[in-house]
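**Student:** Take a look at this one; I'll ask things after.
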Amino acid sequence: MNSSWHTRFNPQQFLRGVNLERLLRRNEVFEGNGLVAAATPCVMCGNAGGSVLVLNDRRVVCKSCFERVSFIQYPEVYETAWRDYRRMSEARSLARVQLVQQSDSRRLSSVAGTIGFLSLALLFWKPVLLVVSAACFAIWHFSKKAHEAELAEWEQAYPAAREPELRHFHDPQAVLSDYDRRILSVFDHWPGYPPYWEYLRGFVGSRDGHHCQVSGCPSRVTLHVHHILSVSRGGAHSPENLISLCEFHHALEPETGHERVWGQVKTRFFTLVHEYIRNNPVSPGTHVVSAHLRRLELVTENDLQGISSHYGFACPSCKTVGLQITVSQQAATVAVHCSTCDVQMEGPRQLAEETGPLLAERLLVTKNAGRWKARWETLADRKEAHWGSWTPTAVSKKRASEERRLLREEQPKCPVCGASMHVVFPSRGDRWKAFWGCRNFRVTGCRGSAPYSGKRHRKRT
């Protein structure tokens with residue numbers, strides 16, 4: 001057996017043909033990283049000068065050390081055991097293939113089987129060939145058994161290598177040498193994602209219970225691993241600096257490098273609308289619509305029951321658990337009522353990813369509290385006034401009236417009478433389609449400046 005067969009897969013030979021600049025771009029390296037010429041010494045070998053790679057903490061590693069470290073996934077003792085295991089497994093596989101190809105029993109069974117089938121095909125011409133077929137199949141059967149016995153004896157003499165127990169750099173039980181710690185310091189500030197990023201994702205997800213760590217958020221799918229201190233400010237790729245966030249709350253983190261998240265946000269709950277210019281619906285001209293998340297599926301009572309059960313919401317006044325949380329689809333609101341102290345709060349009906357965290361900020365969370373607070377200031381329309389504070393009585397009608405007044409002020413005005421504009425829907429018996437018009441249309445007949453759908457309408461009697 002040629003003991004040097006595995007040199008064909010030498011990483012150094014492979015990297016000679018790799019464009020490192022293109023490799024860094026493909027692995028989403030952040031601005032400020034890259035191959036530069038500097039006199040700063042390499043953190044691995046200490047050599048200064050030549051082409052170096054800038055890490056996230058502004059230290060540098062030389063090109064040769066980067067090439068060597070790029071293919072490391074485990075600490076030294078485990079990496080050596082893993083490569084030995086792969087080498088022995090591949091050598092054993094090649095030896096087994098060679099044994100099968102050179103086996104006389106296998107060749108005999110193949111020839112006997114072929115002659116046996118040909119004899120069966122010619123029985124109509126020479127019935128005596130039945131004896132030949134029977135003899136050939138008997139030879140095929142016994143030679144096949146002999147070949148299987150040879151393989152079993154060989155596998156018993158040369159058993160498969162036992163897969164070693166592997167531990168990653170961030171495993172608390174891993175044995176690390178001084179060299180491993182230097183490599184780990186490079187990996188922790190690796191430009192882009194370190195080679196063992198999938199392991200880190202799984203480790204952080206298991207630690208966080210595969211649940212978004214914003215208190216009140218029900219998301220358990222499409223989770224991202226977020227850097228608490230961004231890599232652009234020297235944040236490390238270590239479990240202490242990583243946290244699980246859903247797509248929605250990860251998109252609310254406007255740090256450098258997260259702009260790519262905004263470009264990918266699109267789920268069954270919401271979709272990202274980029275900034276665009278829109279024509280004014282009434283008067284001539286245009287206006288700019290800021291980038292925002294468009295809701296596709298609002299929170300339901302089943303969602304709220306699941307969120308309340310998981311986080312154990314309690315009244316902040318009397319500490320009562322088991323609050324009554326209801327959704328009014330007609331009024332598009334969510335109401336919370338405490339039967340013990342008879343207090344309640346009310347807010348707009350939004351996504352479950354929004355309503356749950358807002359409830360968690362107002363109520364007491366008795367179990368499964370998250371480790372992250374949603375950054376509402378990133379959304380321009382997020383205001384504290386959307387949710388009322390807890391009072392001894394219900395939310396006052398005066399407050400609800402004030403909110404409706406503020407809402408009307410934000411809507412476009414009719415150029416004829418000054419009332420707010422909205423979509424006017426036809427009633428039963430009307431022979432016209434819905435149009436954008438004056439709110440006083442049904443009262444005074446004011447049409448504003450918006451054109452009708454082209455069809456004549458008939459007044460209701």
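Letters A, B, ... mark the chains of the structure tokens in the order given; residue numbers begin at 1 per chain; ligand numbers begin at 1, in order shown.
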Check which residues of segment 164-241 of chain A sit at most 12 Å from segment 297-305 of chain A using only C-alpha atoms, and return one row each with the closest pair of atoms and their distance in Å to one decimal, ordered by chain and rising number, as CSV.
**Tutor:**
residue,atom,partner,partner_atom,distance
A:Gly216,CA,A:Leu304,CA,9.5
A:Cys217,CA,A:Asp303,CA,10.2
A:Pro218,CA,A:Asp303,CA,7.9
A:Ser219,CA,A:Asp303,CA,10.6
**Student:** Identify, with DSSP run on backbone atoms, the residues in segment 83-324 of chain A assigned to alpha helix (DSSP H), and express the list as a JSON list (two decimals) with C-alpha atoms, in the first residue's frame.
**Tutor:**
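New file result.json:
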[["chain", "number", "residue", "atom", "x", "y", "z"],
["A", 83, "ARG", "CA", -6.81, 13.46, 10.42],
["A", 84, "ASP", "CA", -5.29, 10.10, 11.43],
["A", 85, "TYR", "CA", -8.77, 8.58, 11.52],
["A", 86, "ARG", "CA", -9.62, 9.96, 8.08],
["A", 87, "ARG", "CA", -6.30, 8.77, 6.66],
["A", 88, "MET", "CA", -6.69, 5.25, 8.09],
["A", 89, "SER", "CA", -10.32, 5.02, 6.98],
["A", 90, "GLU", "CA", -9.46, 6.07, 3.44],
["A", 91, "ALA", "CA", -6.50, 3.65, 3.32],
["A", 92, "ARG", "CA", -8.67, 0.79, 4.57],
["A", 93, "SER", "CA", -11.36, 1.63, 1.99],
["A", 94, "LEU", "CA", -8.81, 1.58, -0.83],
["A", 95, "ALA", "CA", -7.33, -1.71, 0.42],
["A", 96, "ARG", "CA", -10.78, -3.31, 0.54],
["A", 97, "VAL", "CA", -11.53, -2.21, -3.02],
["A", 98, "GLN", "CA", -8.20, -3.68, -4.15],
["A", 99, "LEU", "CA", -8.94, -6.98, -2.35],
["A", 100, "VAL", "CA", -12.33, -7.26, -4.05],
["A", 101, "GLN", "CA", -10.88, -6.53, -7.49],
["A", 104, "ASP", "CA", -10.24, -15.19, -7.58],
["A", 105, "SER", "CA", -13.53, -16.28, -5.97],
["A", 106, "ARG", "CA", -15.24, -13.08, -7.15],
["A", 107, "ARG", "CA", -13.94, -13.55, -10.71],
["A", 108, "LEU", "CA", -15.10, -17.21, -10.73],
["A", 109, "SER", "CA", -18.59, -16.31, -9.46],
["A", 110, "SER", "CA", -18.92, -13.57, -12.09],
["A", 111, "VAL", "CA", -17.91, -15.91, -14.98],
["A", 112, "ALA", "CA", -20.11, -18.78, -13.73],
["A", 113, "GLY", "CA", -23.12, -16.50, -13.35],
["A", 114, "THR", "CA", -22.71, -15.11, -16.87],
["A", 115, "ILE", "CA", -22.43, -18.61, -18.45],
["A", 116, "GLY", "CA", -25.42, -19.82, -16.41],
["A", 117, "PHE", "CA", -27.71, -17.07, -17.70],
["A", 118, "LEU", "CA", -26.57, -17.60, -21.29],
["A", 119, "SER", "CA", -27.32, -21.34, -20.97],
["A", 120, "LEU", "CA", -30.82, -20.58, -19.76],
["A", 121, "ALA", "CA", -31.39, -18.31, -22.74],
["A", 129, "LEU", "CA", -27.86, -26.99, -21.63],
["A", 130, "LEU", "CA", -30.05, -27.22, -18.53],
["A", 131, "VAL", "CA", -27.33, -29.35, -16.94],
["A", 132, "VAL", "CA", -24.71, -26.69, -17.80],
["A", 133, "SER", "CA", -26.90, -23.97, -16.28],
["A", 134, "ALA", "CA", -27.36, -25.94, -13.06],
["A", 135, "ALA", "CA", -23.62, -26.58, -12.77],
["A", 136, "CYS", "CA", -22.78, -22.93, -13.43],
["A", 137, "PHE", "CA", -25.26, -21.68, -10.82],
["A", 138, "ALA", "CA", -23.85, -24.14, -8.29],
["A", 139, "ILE", "CA", -20.32, -22.84, -8.97],
["A", 140, "TRP", "CA", -21.63, -19.25, -8.75],
["A", 141, "HIS", "CA", -23.28, -19.93, -5.38],
["A", 142, "PHE", "CA", -20.25, -21.60, -3.73],
["A", 143, "SER", "CA", -17.73, -19.11, -5.14],
["A", 144, "LYS", "CA", -19.89, -16.21, -3.90],
["A", 145, "LYS", "CA", -19.96, -17.77, -0.42],
["A", 146, "ALA", "CA", -16.19, -18.20, -0.55],
["A", 147, "HIS", "CA", -15.75, -14.53, -1.55],
["A", 148, "GLU", "CA", -17.97, -13.38, 1.32],
["A", 149, "ALA", "CA", -15.97, -15.53, 3.74],
["A", 150, "GLU", "CA", -12.74, -13.96, 2.48],
["A", 151, "LEU", "CA", -14.14, -10.45, 3.05],
["A", 152, "ALA", "CA", -15.40, -11.36, 6.53],
["A", 153, "GLU", "CA", -12.00, -12.82, 7.47],
["A", 154, "TRP", "CA", -10.21, -9.70, 6.13],
["A", 155, "GLU", "CA", -12.54, -7.29, 7.95],
["A", 156, "GLN", "CA", -12.02, -9.23, 11.17],
["A", 157, "ALA", "CA", -8.25, -9.04, 10.76],
["A", 178, "ASP", "CA", -0.67, 27.22, 24.26],
["A", 179, "TYR", "CA", -0.64, 26.90, 20.47],
["A", 180, "ASP", "CA", -4.39, 26.15, 20.51],
["A", 181, "ARG", "CA", -5.05, 29.26, 22.58],
["A", 182, "ARG", "CA", -3.19, 31.39, 20.04],
["A", 183, "ILE", "CA", -5.24, 29.86, 17.24],
["A", 184, "LEU", "CA", -8.43, 30.45, 19.25],
["A", 185, "SER", "CA", -7.53, 34.13, 19.68],
["A", 186, "VAL", "CA", -7.30, 34.34, 15.87],
["A", 187, "PHE", "CA", -10.55, 32.46, 15.32],
["A", 197, "TRP", "CA", -19.16, 28.50, 12.61],
["A", 198, "GLU", "CA", -21.82, 25.79, 12.18],
["A", 199, "TYR", "CA", -20.70, 24.23, 15.47],
["A", 200, "LEU", "CA", -21.00, 27.63, 17.19],
["A", 201, "ARG", "CA", -24.49, 28.12, 15.73],
["A", 202, "GLY", "CA", -25.59, 24.74, 17.09],
["A", 203, "PHE", "CA", -23.93, 25.37, 20.46],
["A", 204, "VAL", "CA", -25.59, 28.78, 20.93],
["A", 205, "GLY", "CA", -28.95, 27.46, 19.69],
["A", 206, "SER", "CA", -28.88, 24.58, 22.18],
["A", 207, "ARG", "CA", -27.86, 26.91, 25.01],
["A", 247, "GLU", "CA", -35.25, 37.23, 11.67],
["A", 248, "PHE", "CA", -37.57, 40.01, 12.81],
["A", 249, "HIS", "CA", -35.55, 41.10, 15.84],
["A", 250, "HIS", "CA", -32.21, 40.52, 14.15],
["A", 259, "GLU", "CA", -27.52, 45.41, 6.26],
["A", 260, "ARG", "CA", -27.34, 42.07, 4.46],
["A", 261, "VAL", "CA", -29.99, 40.76, 6.87],
["A", 262, "TRP", "CA", -32.42, 43.46, 5.79],
["A", 301, "GLU", "CA", -55.58, 34.64, 20.37],
["A", 302, "ASN", "CA", -53.94, 31.21, 19.98],
["A", 303, "ASP", "CA", -50.57, 32.95, 19.55],
["A", 304, "LEU", "CA", -51.15, 35.02, 22.68],
["A", 305, "GLN", "CA", -52.19, 31.98, 24.71],
["A", 306, "GLY", "CA", -49.00, 30.16, 23.69],
["A", 307, "ILE", "CA", -46.83, 33.21, 24.48],
["A", 308, "SER", "CA", -48.53, 33.73, 27.85],
["A", 309, "SER", "CA", -48.15, 30.06, 28.77],
["A", 310, "HIS", "CA", -44.43, 29.98, 27.81],
["A", 311, "TYR", "CA", -43.43, 33.19, 29.61]]
**Student:** How many Å lie between atom CA of Cys45 of chain A and atom CA of Trp190 of chain A, rounded to one decimal?
**Tutor:** 16.6 Å
**Student:** Hey, what's within 7 Å of segment 416-419 of chain A if we count only C-alpha atoms and toss same-chain stuff fewer than 3 positions away? As a PyMOL selection string, please?
**Tutor:** chain A and resi 413+438-440+448
**Student:** Generate the output file for the selected residues, C-alpha atoms, as an mmCIF file, in the first residue's frame.
**Tutor:**
data_model
loop_
_atom_site.group_PDB
_atom_site.id
_atom_site.type_symbol
_atom_site.label_atom_id
_atom_site.label_comp_id
_atom_site.auth_asym_id
_atom_site.auth_seq_id
_atom_site.Cartn_x
_atom_site.Cartn_y
_atom_site.Cartn_z
ATOM 1 C CA LYS A 413 -56.675 66.016 3.764
ATOM 2 C CA CYS A 438 -63.346 62.336 1.093
ATOM 3 C CA ARG A 439 -64.526 60.975 4.466
ATOM 4 C CA ASN A 440 -67.591 63.311 4.238
ATOM 5 C CA GLY A 448 -62.693 65.848 -3.091
#
**Student:** Enter the distance from atom CA of Ala360 of chain A to atom CA of Ser290 of chain A, in Å, rounded to one decimal.
**Tutor:**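 Interatomic distance here is 28.0 Å.
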**Student:** Using only C-alpha atoms, which of A:Gln344, A:Pro195, A:Pro127, A:Ala161 sits nearest Phe66 of chain A?
**Tutor:**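 Comparing A:Gln344, A:Pro195, A:Pro127, A:Ala161 against Phe66 of chain A, the winner is A:Pro195.
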**Student:** So that I can check the secondary structure, give me every residue of segment 57-289 of chain A assigned strand (DSSP E) by backbone DSSP, as a list in words.
**Tutor:**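 Answer for segment 57-289 of chain A, restricted to strand (DSSP E): Val60, Val61, Cys62, Leu223, His224, Val225, His226, His227, Leu242, Ile243, Ser244, Leu245, Cys246, Phe270, Thr271, Leu272, Val273, Tyr276, Ile277, Arg278, Asn279, Thr286, His287, Val288 and Val289 of chain A.
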